[in-house]
Amino acid sequence: MFKPYNPSEVEARWQQKWADAKIYETDLQKAKKPYYSLVMFPYPSGDKLHVGHWYNYAPADSFARFQKMQGYDVFSPMGFDAFGLPAENYAIKTGVHPAISTAKNVETMIAQLKKIGCMYDWSKTLSTTDPEYYQWTQWLFLEMYKNTLAYKKKGNVNFCPSCQTVLANEQVKDGSCERCGTDVVQKSLEQWFWNITKYSQKLLDGLEDLDWPNKTKIMQQNWIGRSEGCDVSWNVENSDIVLDTFTTTVDTIYGVTFVVIAPDHPMLSKLVSDAERTTVEAYIKQTSKKSEFDRQFGDKVKTGVFSGTYLLHPFTKKKVPLWVADYVLMNYGTGVVMGVPAHDQRDMDFAKKYTLPIIQSIESTSHESLVYDNIDKYSVQGTIIDSGEYTGMKILEGRKKIIDDLQKRSIGKRKILYRLRDWLVSRQRYWGAPIPIVYDPEGKPHPVPEEHLPWTLPTDVEFKPTGKSPLTESKEFLARTENIFGKGWTPEYDTMDTFVCSSFYYLRYLMSVPPLPSGEGLGGREAGKLVDPALEKKWLPVSMYIGGPEHACMHLIYARFVMMALKDFGYVSNEEPFKIVVHQGLITNKGAKMSKSKGNVVSPDSFVAQYGSDVFRMYLMFMGPFEAGGDWSDTGIRGTVRFVDRLWKALLNTKVIQDSALFQAALHRTIKKVTEDIAVLHFNTAISSLMQLLNLLEEKGGCTQESARIISCLLAPIAPHLAEELWLGLGGTGFIIEQKWPTYDPALLVEENMTIVIQVNGKVRGDILVSKDASKEEILTLAKANENVKKWLAAGDMKKEIYILGKLVSLVV
RNA sequence: GCCGAGGUGGCGGAAUGGUAGACGCGAGGGACUUAAAAUCCCUUAUCCUCUCUCUGGAUGUGUGGGUUCAAUUCCCACCCUCGGCACCA
């Protein structure tokens, strides 16, 4: 008797069976062919899992399952990035302590995640808020401190007035806070930094060997922003002050007609002439009021004032005026720039506005352009002109010679500059790992000794953001510090950026961790080290890391830096954490990003309840290419529902018949196609080829049981529950996910007969069916005999006859 | 401004030099049903031709050129959309 497919019953049953048999728990020590499949772990918010989570996790799981069936020992963990603003903001709103709400959210989320039916190893889950975890976050800080990669410095930093905390450079997007969108302001504060810039070159070089999306590598490259150039020293007239300018195009130095200094340059007040002092001071005041946002998006019209001072050109000894202008940034290069209006657009704009001279020093193709509009196209093929002894040299040759001469005279040197800034890791927020530093009564910082880790986050705190770190309110925290270190000692009140927590979690998964509130986890913890070096060596780098592209210049750069630092400290053997990175696309609704404020969030729950996880995840995969994302549609899911119902019926409720040669060929083509497609994450076309096979199977009225089992195996990565149930129904033993992936027989791929298309003068005029062994001559004769083709051939004499093996004949008359 | 990705039916998409539109959604028609849903069958790029049956032809992958027997695919120029960076010297 035929029983229709009942997803909710079937899926719940298999999820239970998998859990009971512990088939997804990986023995990290014993594994022979390790495959580390990782997705970016979520933060546990009070909201339900949304379509975006599913779109990330389900295909990633399908890929992991595919690898498992290929014979790998797949490790696929899941955890929670639970510190941070969402939980803290929720706590502020409701008054519930974040520890309580987070624990609750983690539990809810685990239940939801389990409904997807992913092959997660829940025995090795973790949460970054667990003291057992964050002691390692703190340990990492101490290691950085010990190795002088963590330091405290006062300076201008990004501050979000709404989140009431400082932010790292990477966390400012379009001049506003990455979290809440508020305009970021600059504040002068003393903060903790990690010296990521020390690794600039290494981070750049390492990119080359990574199998990452090209755009992500380019984004990191641009973020690191390497520029090769040199410093040039300028003597100030009637003074012994020397100003350095950085330039990448020193070959244009004879075109310098002015030099510009940033308004916040520390030497500026000493450089301004008395006559210009009032004007300059007014200008400095005016520009300092500009917010970061205005500086970036306000009118790009350049403003500036003359300082009244002149510099002496290092080659011509001519007087060059020093101007003050805010288009020169203090935090890049030397804060002083040589102005070459003829060959730099910004300098050109500035020179035109303040009628400064424009001197050409590189050969131009259209001279007018210099005077009226834009600068001439600067290309390294150009020739240097009007530049003393360098006249006539090609740009690159002249550039080298000029730097050499400057170095000889000790008034310049080669220099490589990076745009990357050190990572600001301290935050004036409550819900984070406390920075393990204490201050002695003189205010000098000392690391908290390791035996006091975890340096626990105090609980006697109101978590309202005031701009002051919430931990300052804790009586317990101060008392604890004085108890351990002595009277007058104070703790560091700032907590760490959550990106610190997520910079090493992929290592920590390898160590089993204590139970989560739900009782998950094995309960044992490898104490004493962040990661077992043998396991690290065996499992890292992560084989496949899937997550959003928004992390290109945040998490993905921090994690690489931390891994490199850990290697240098001697704790790990790998330099790079992630061998392959893939970004899933974005699922939109009616073309717009889903967001609560827009009210267009699609909840997976009702679809999953109605159709089951398999249908839902398969539909997401069928929508389009995984890396492209797509627009949500309610109706399209019907097609996947029909596919599942028809397949169920076709494999279990149709008579067993011998396969025709045609069907065998189709089956083996499908094995080939599905294998190749899943291997490159083209789930949409893998599914479509299974649909095609099903269409043929229905037409034929059945297949052998062996073929039915092969089809179930092909389905196992993408619809895991359904595939298990089919396998069981087809008399398979064991779990289908533990079966070997089907292989195809190349000999069976070719059909007996093939269709050859005939083109006349490039247009299709007919086709013929020939045996696969037909010779070229036979085929050409047959082609020319085709009725419709004859009509077109009559138009003229044959000029060319082309035969493409097994595909087409092209005739030209 | 710079860097990157992309532009194909009513819609999601397939095809990376060889039959454009696989597969699916939607739509139209039919079968089943008292009826509806579900299911099944047929049609479905546009236009002309044929529509009793068989057809045959023109146009068509953002725009304009080019290479080729053959171009969605390769080359040149341009337009548009999306993502990232942005006064970085």
# chains A, B, ... in the order shown; residues from 1 in each chain; ligands from 1

call {"tool": "interface_residues", "arguments": {"of": "chain B", "to": "chain A", "cutoff": "10 Å", "atoms": "only C-alpha atoms (C1' of nucleotides)", "output": "list in words"}}
result
G1, C3, G4, A5, G6, C11, G12, G13, A14, G18, U19, A22, C23, G24, C25, G26, U39, G56, C69, A70, G83, G84, C85, A86, C87, C88 and A89 of chain B

call {"tool": "write_last_selection", "arguments": {"atoms": "C-alpha atoms (C1' of nucleotides)", "output": "PDB file, in the first residue's frame"}}
result
ATOM      1  C1'   G B   1      36.844  58.766  -8.822  1.00  0.00           C
ATOM      2  C1'   C B   3      38.499  48.207  -7.755  1.00  0.00           C
ATOM      3  C1'   G B   4      35.255  43.913  -8.368  1.00  0.00           C
ATOM      4  C1'   A B   5      30.783  41.132 -10.020  1.00  0.00           C
ATOM      5  C1'   G B   6      26.826  41.116 -13.319  1.00  0.00           C
ATOM      6  C1'   C B  11       9.667  35.181 -13.283  1.00  0.00           C
ATOM      7  C1'   G B  12      14.149  32.219 -10.863  1.00  0.00           C
ATOM      8  C1'   G B  13      17.709  30.543 -13.913  1.00  0.00           C
ATOM      9  C1'   A B  14      20.666  26.832 -17.839  1.00  0.00           C
ATOM     10  C1'   G B  18      28.865  24.276 -31.753  1.00  0.00           C
ATOM     11  C1'   U B  19      20.621  23.090 -31.727  1.00  0.00           C
ATOM     12  C1'   A B  22      17.849  22.863 -19.683  1.00  0.00           C
ATOM     13  C1'   C B  23      15.276  22.441 -14.899  1.00  0.00           C
ATOM     14  C1'   G B  24      11.568  24.883 -12.162  1.00  0.00           C
ATOM     15  C1'   C B  25       7.741  28.703 -11.160  1.00  0.00           C
ATOM     16  C1'   G B  26       3.747  31.238 -13.315  1.00  0.00           C
ATOM     17  C1'   U B  39      -2.759  15.088  -9.234  1.00  0.00           C
ATOM     18  C1'   G B  56       8.709  26.158 -42.873  1.00  0.00           C
ATOM     19  C1'   C B  69      31.961  28.319 -41.062  1.00  0.00           C
ATOM     20  C1'   A B  70      29.675  29.264 -36.125  1.00  0.00           C
ATOM     21  C1'   G B  83      28.913  45.128  -4.033  1.00  0.00           C
ATOM     22  C1'   G B  84      33.479  47.158  -1.891  1.00  0.00           C
ATOM     23  C1'   C B  85      36.936  51.277  -1.120  1.00  0.00           C
ATOM     24  C1'   A B  86      37.200  56.341  -1.157  1.00  0.00           C
ATOM     25  C1'   C B  87      40.998  63.348  -0.544  1.00  0.00           C
ATOM     26  C1'   C B  88      45.795  57.088   1.113  1.00  0.00           C
ATOM     27  C1'   A B  89      49.711  61.533  -1.772  1.00  0.00           C
TER      28        A B  89
END

call {"tool": "select_by_dssp", "arguments": {"residues": "stretch 18-143 of chain A", "states": "strand (DSSP E or B)", "output": "PyMOL selection string"}}
result
chain A and resi 34-39+73-75+80+127

call {"tool": "residues_around", "arguments": {"residues": "A:Asp532", "least_positions_apart": "5", "cutoff": "10 Å", "atoms": "only C-alpha atoms (C1' of nucleotides)", "output": "list in words"}}
result
Leu507, Arg508, Leu510, Met511, Glu526, Ala527, Lys537, Lys538, Tyr571 and Val572 of chain A

call {"tool": "atom_distance", "arguments": {"atom1": "atom CA of A:Pro449", "atom2": "atom CA of A:Lys475"}}
result
21.0 Å

call {"tool": "select_by_dssp", "arguments": {"residues": "stretch 194-251 of chain A", "states": "helix (DSSP H, G or I)", "output": "ChimeraX atom specification"}}
result
/A:196-207,214-224,250-251

call {"tool": "residues_around", "arguments": {"residues": "B:G30", "least_positions_apart": "6", "cutoff": "12 Å", "atoms": "only C-alpha atoms (C1' of nucleotides)", "output": "mmCIF file with all heavy atoms, in the first residue's frame"}}
result
data_model
loop_
_atom_site.group_PDB
_atom_site.id
_atom_site.type_symbol
_atom_site.label_atom_id
_atom_site.label_comp_id
_atom_site.auth_asym_id
_atom_site.auth_seq_id
_atom_site.Cartn_x
_atom_site.Cartn_y
_atom_site.Cartn_z
ATOM 1 P P C B 40 1.714 15.334 -11.005
ATOM 2 O OP1 C B 40 3.044 14.719 -10.849
ATOM 3 O OP2 C B 40 1.576 16.810 -11.063
ATOM 4 O "O5'" C B 40 1.017 14.728 -12.296
ATOM 5 C "C5'" C B 40 0.953 13.318 -12.486
ATOM 6 C "C4'" C B 40 0.028 12.998 -13.628
ATOM 7 O "O4'" C B 40 -1.322 13.433 -13.290
ATOM 8 C "C3'" C B 40 0.320 13.751 -14.921
ATOM 9 O "O3'" C B 40 1.356 13.135 -15.654
ATOM 10 C "C2'" C B 40 -1.028 13.670 -15.630
ATOM 11 O "O2'" C B 40 -1.245 12.397 -16.196
ATOM 12 C "C1'" C B 40 -1.990 13.880 -14.460
ATOM 13 N N1 C B 40 -2.371 15.305 -14.283
ATOM 14 C C2 C B 40 -3.388 15.836 -15.100
ATOM 15 O O2 C B 40 -3.922 15.104 -15.942
ATOM 16 N N3 C B 40 -3.759 17.123 -14.947
ATOM 17 C C4 C B 40 -3.153 17.893 -14.031
ATOM 18 N N4 C B 40 -3.551 19.163 -13.913
ATOM 19 C C5 C B 40 -2.114 17.388 -13.189
ATOM 20 C C6 C B 40 -1.765 16.101 -13.347
ATOM 21 P P C B 41 2.316 14.025 -16.543
ATOM 22 O OP1 C B 41 3.461 13.178 -16.914
ATOM 23 O OP2 C B 41 2.544 15.345 -15.904
ATOM 24 O "O5'" C B 41 1.406 14.277 -17.827
ATOM 25 C "C5'" C B 41 1.053 13.203 -18.697
ATOM 26 C "C4'" C B 41 0.133 13.707 -19.775
ATOM 27 O "O4'" C B 41 -1.099 14.195 -19.169
ATOM 28 C "C3'" C B 41 0.647 14.920 -20.543
ATOM 29 O "O3'" C B 41 1.562 14.558 -21.546
ATOM 30 C "C2'" C B 41 -0.653 15.484 -21.111
ATOM 31 O "O2'" C B 41 -1.113 14.744 -22.207
ATOM 32 C "C1'" C B 41 -1.596 15.291 -19.921
ATOM 33 N N1 C B 41 -1.670 16.486 -19.046
ATOM 34 C C2 C B 41 -2.494 17.568 -19.452
ATOM 35 O O2 C B 41 -3.105 17.473 -20.515
ATOM 36 N N3 C B 41 -2.567 18.667 -18.665
ATOM 37 C C4 C B 41 -1.881 18.722 -17.524
ATOM 38 N N4 C B 41 -1.995 19.831 -16.784
ATOM 39 C C5 C B 41 -1.042 17.654 -17.094
ATOM 40 C C6 C B 41 -0.968 16.565 -17.876
ATOM 41 P P C B 42 2.727 15.571 -21.953
ATOM 42 O OP1 C B 42 3.655 14.848 -22.851
ATOM 43 O OP2 C B 42 3.242 16.240 -20.741
ATOM 44 O "O5'" C B 42 1.931 16.656 -22.809
ATOM 45 C "C5'" C B 42 1.398 16.326 -24.097
ATOM 46 C "C4'" C B 42 0.599 17.483 -24.624
ATOM 47 O "O4'" C B 42 -0.470 17.813 -23.695
ATOM 48 C "C3'" C B 42 1.343 18.799 -24.756
ATOM 49 O "O3'" C B 42 2.138 18.837 -25.918
ATOM 50 C "C2'" C B 42 0.194 19.797 -24.800
ATOM 51 O "O2'" C B 42 -0.453 19.805 -26.053
ATOM 52 C "C1'" C B 42 -0.749 19.205 -23.755
ATOM 53 N N1 C B 42 -0.558 19.808 -22.417
ATOM 54 C C2 C B 42 -1.089 21.086 -22.166
ATOM 55 O O2 C B 42 -1.688 21.677 -23.066
ATOM 56 N N3 C B 42 -0.904 21.657 -20.949
ATOM 57 C C4 C B 42 -0.238 20.995 -19.998
ATOM 58 N N4 C B 42 -0.098 21.584 -18.815
ATOM 59 C C5 C B 42 0.311 19.697 -20.219
ATOM 60 C C6 C B 42 0.133 19.146 -21.428
ATOM 61 P P U B 43 3.470 19.703 -25.937
ATOM 62 O OP1 U B 43 4.162 19.466 -27.221
ATOM 63 O OP2 U B 43 4.191 19.505 -24.649
ATOM 64 O "O5'" U B 43 2.877 21.186 -25.943
ATOM 65 C "C5'" U B 43 2.202 21.688 -27.096
ATOM 66 C "C4'" U B 43 1.726 23.093 -26.824
ATOM 67 O "O4'" U B 43 0.825 23.094 -25.680
ATOM 68 C "C3'" U B 43 2.814 24.072 -26.397
ATOM 69 O "O3'" U B 43 3.537 24.552 -27.521
ATOM 70 C "C2'" U B 43 2.001 25.155 -25.716
ATOM 71 O "O2'" U B 43 1.356 26.007 -26.638
ATOM 72 C "C1'" U B 43 0.949 24.327 -24.970
ATOM 73 N N1 U B 43 1.329 24.050 -23.573
ATOM 74 C C2 U B 43 1.127 25.062 -22.636
ATOM 75 O O2 U B 43 0.657 26.150 -22.926
ATOM 76 N N3 U B 43 1.498 24.750 -21.358
ATOM 77 C C4 U B 43 2.031 23.567 -20.911
ATOM 78 O O4 U B 43 2.311 23.443 -19.718
ATOM 79 C C5 U B 43 2.217 22.562 -21.929
ATOM 80 C C6 U B 43 1.866 22.835 -23.191
#

call {"tool": "atom_distance", "arguments": {"atom1": "atom CA of A:Lys655", "atom2": "atom CA of A:Leu696"}}
result
14.8 Å

call {"tool": "closest_residue", "arguments": {"among": "A:Leu311, A:Val39, A:Ile241, A:Met554", "to": "A:Asn169", "atoms": "only C-alpha atoms"}}
result
A:Met554

call {"tool": "residues_around", "arguments": {"residues": "B:U16", "least_positions_apart": "6", "cutoff": "12 Å", "atoms": "only C-alpha atoms (C1' of nucleotides)", "output": "number ranges by chain"}}
result
B: 71-74

call {"tool": "write_last_selection", "arguments": {"atoms": "C-alpha atoms (C1' of nucleotides)", "output": "PDB file, in the first residue's frame"}}
result
ATOM      1  C1'   A B  71      29.526  34.218 -30.603  1.00  0.00           C
ATOM      2  C1'   U B  72      25.287  34.512 -24.533  1.00  0.00           C
ATOM      3  C1'   U B  73      30.527  32.704 -24.680  1.00  0.00           C
ATOM      4  C1'   C B  74      36.455  35.729 -27.491  1.00  0.00           C
TER       5        C B  74
END

call {"tool": "residues_around", "arguments": {"residues": "A:Asp81", "least_positions_apart": "6", "cutoff": "6 Å", "atoms": "only C-alpha atoms (C1' of nucleotides)", "output": "PyMOL selection string"}}
result
chain A and resi 42-43+128

call {"tool": "write_last_selection", "arguments": {"atoms": "C-alpha atoms", "output": "PDB file, in the first residue's frame"}}
result
ATOM      1  CA  PRO A  42      26.023  32.796  14.595  1.00  0.00           C
ATOM      2  CA  TYR A  43      25.357  35.097  17.494  1.00  0.00           C
ATOM      3  CA  THR A 128      32.342  32.467  23.458  1.00  0.00           C
TER       4      THR A 128
END
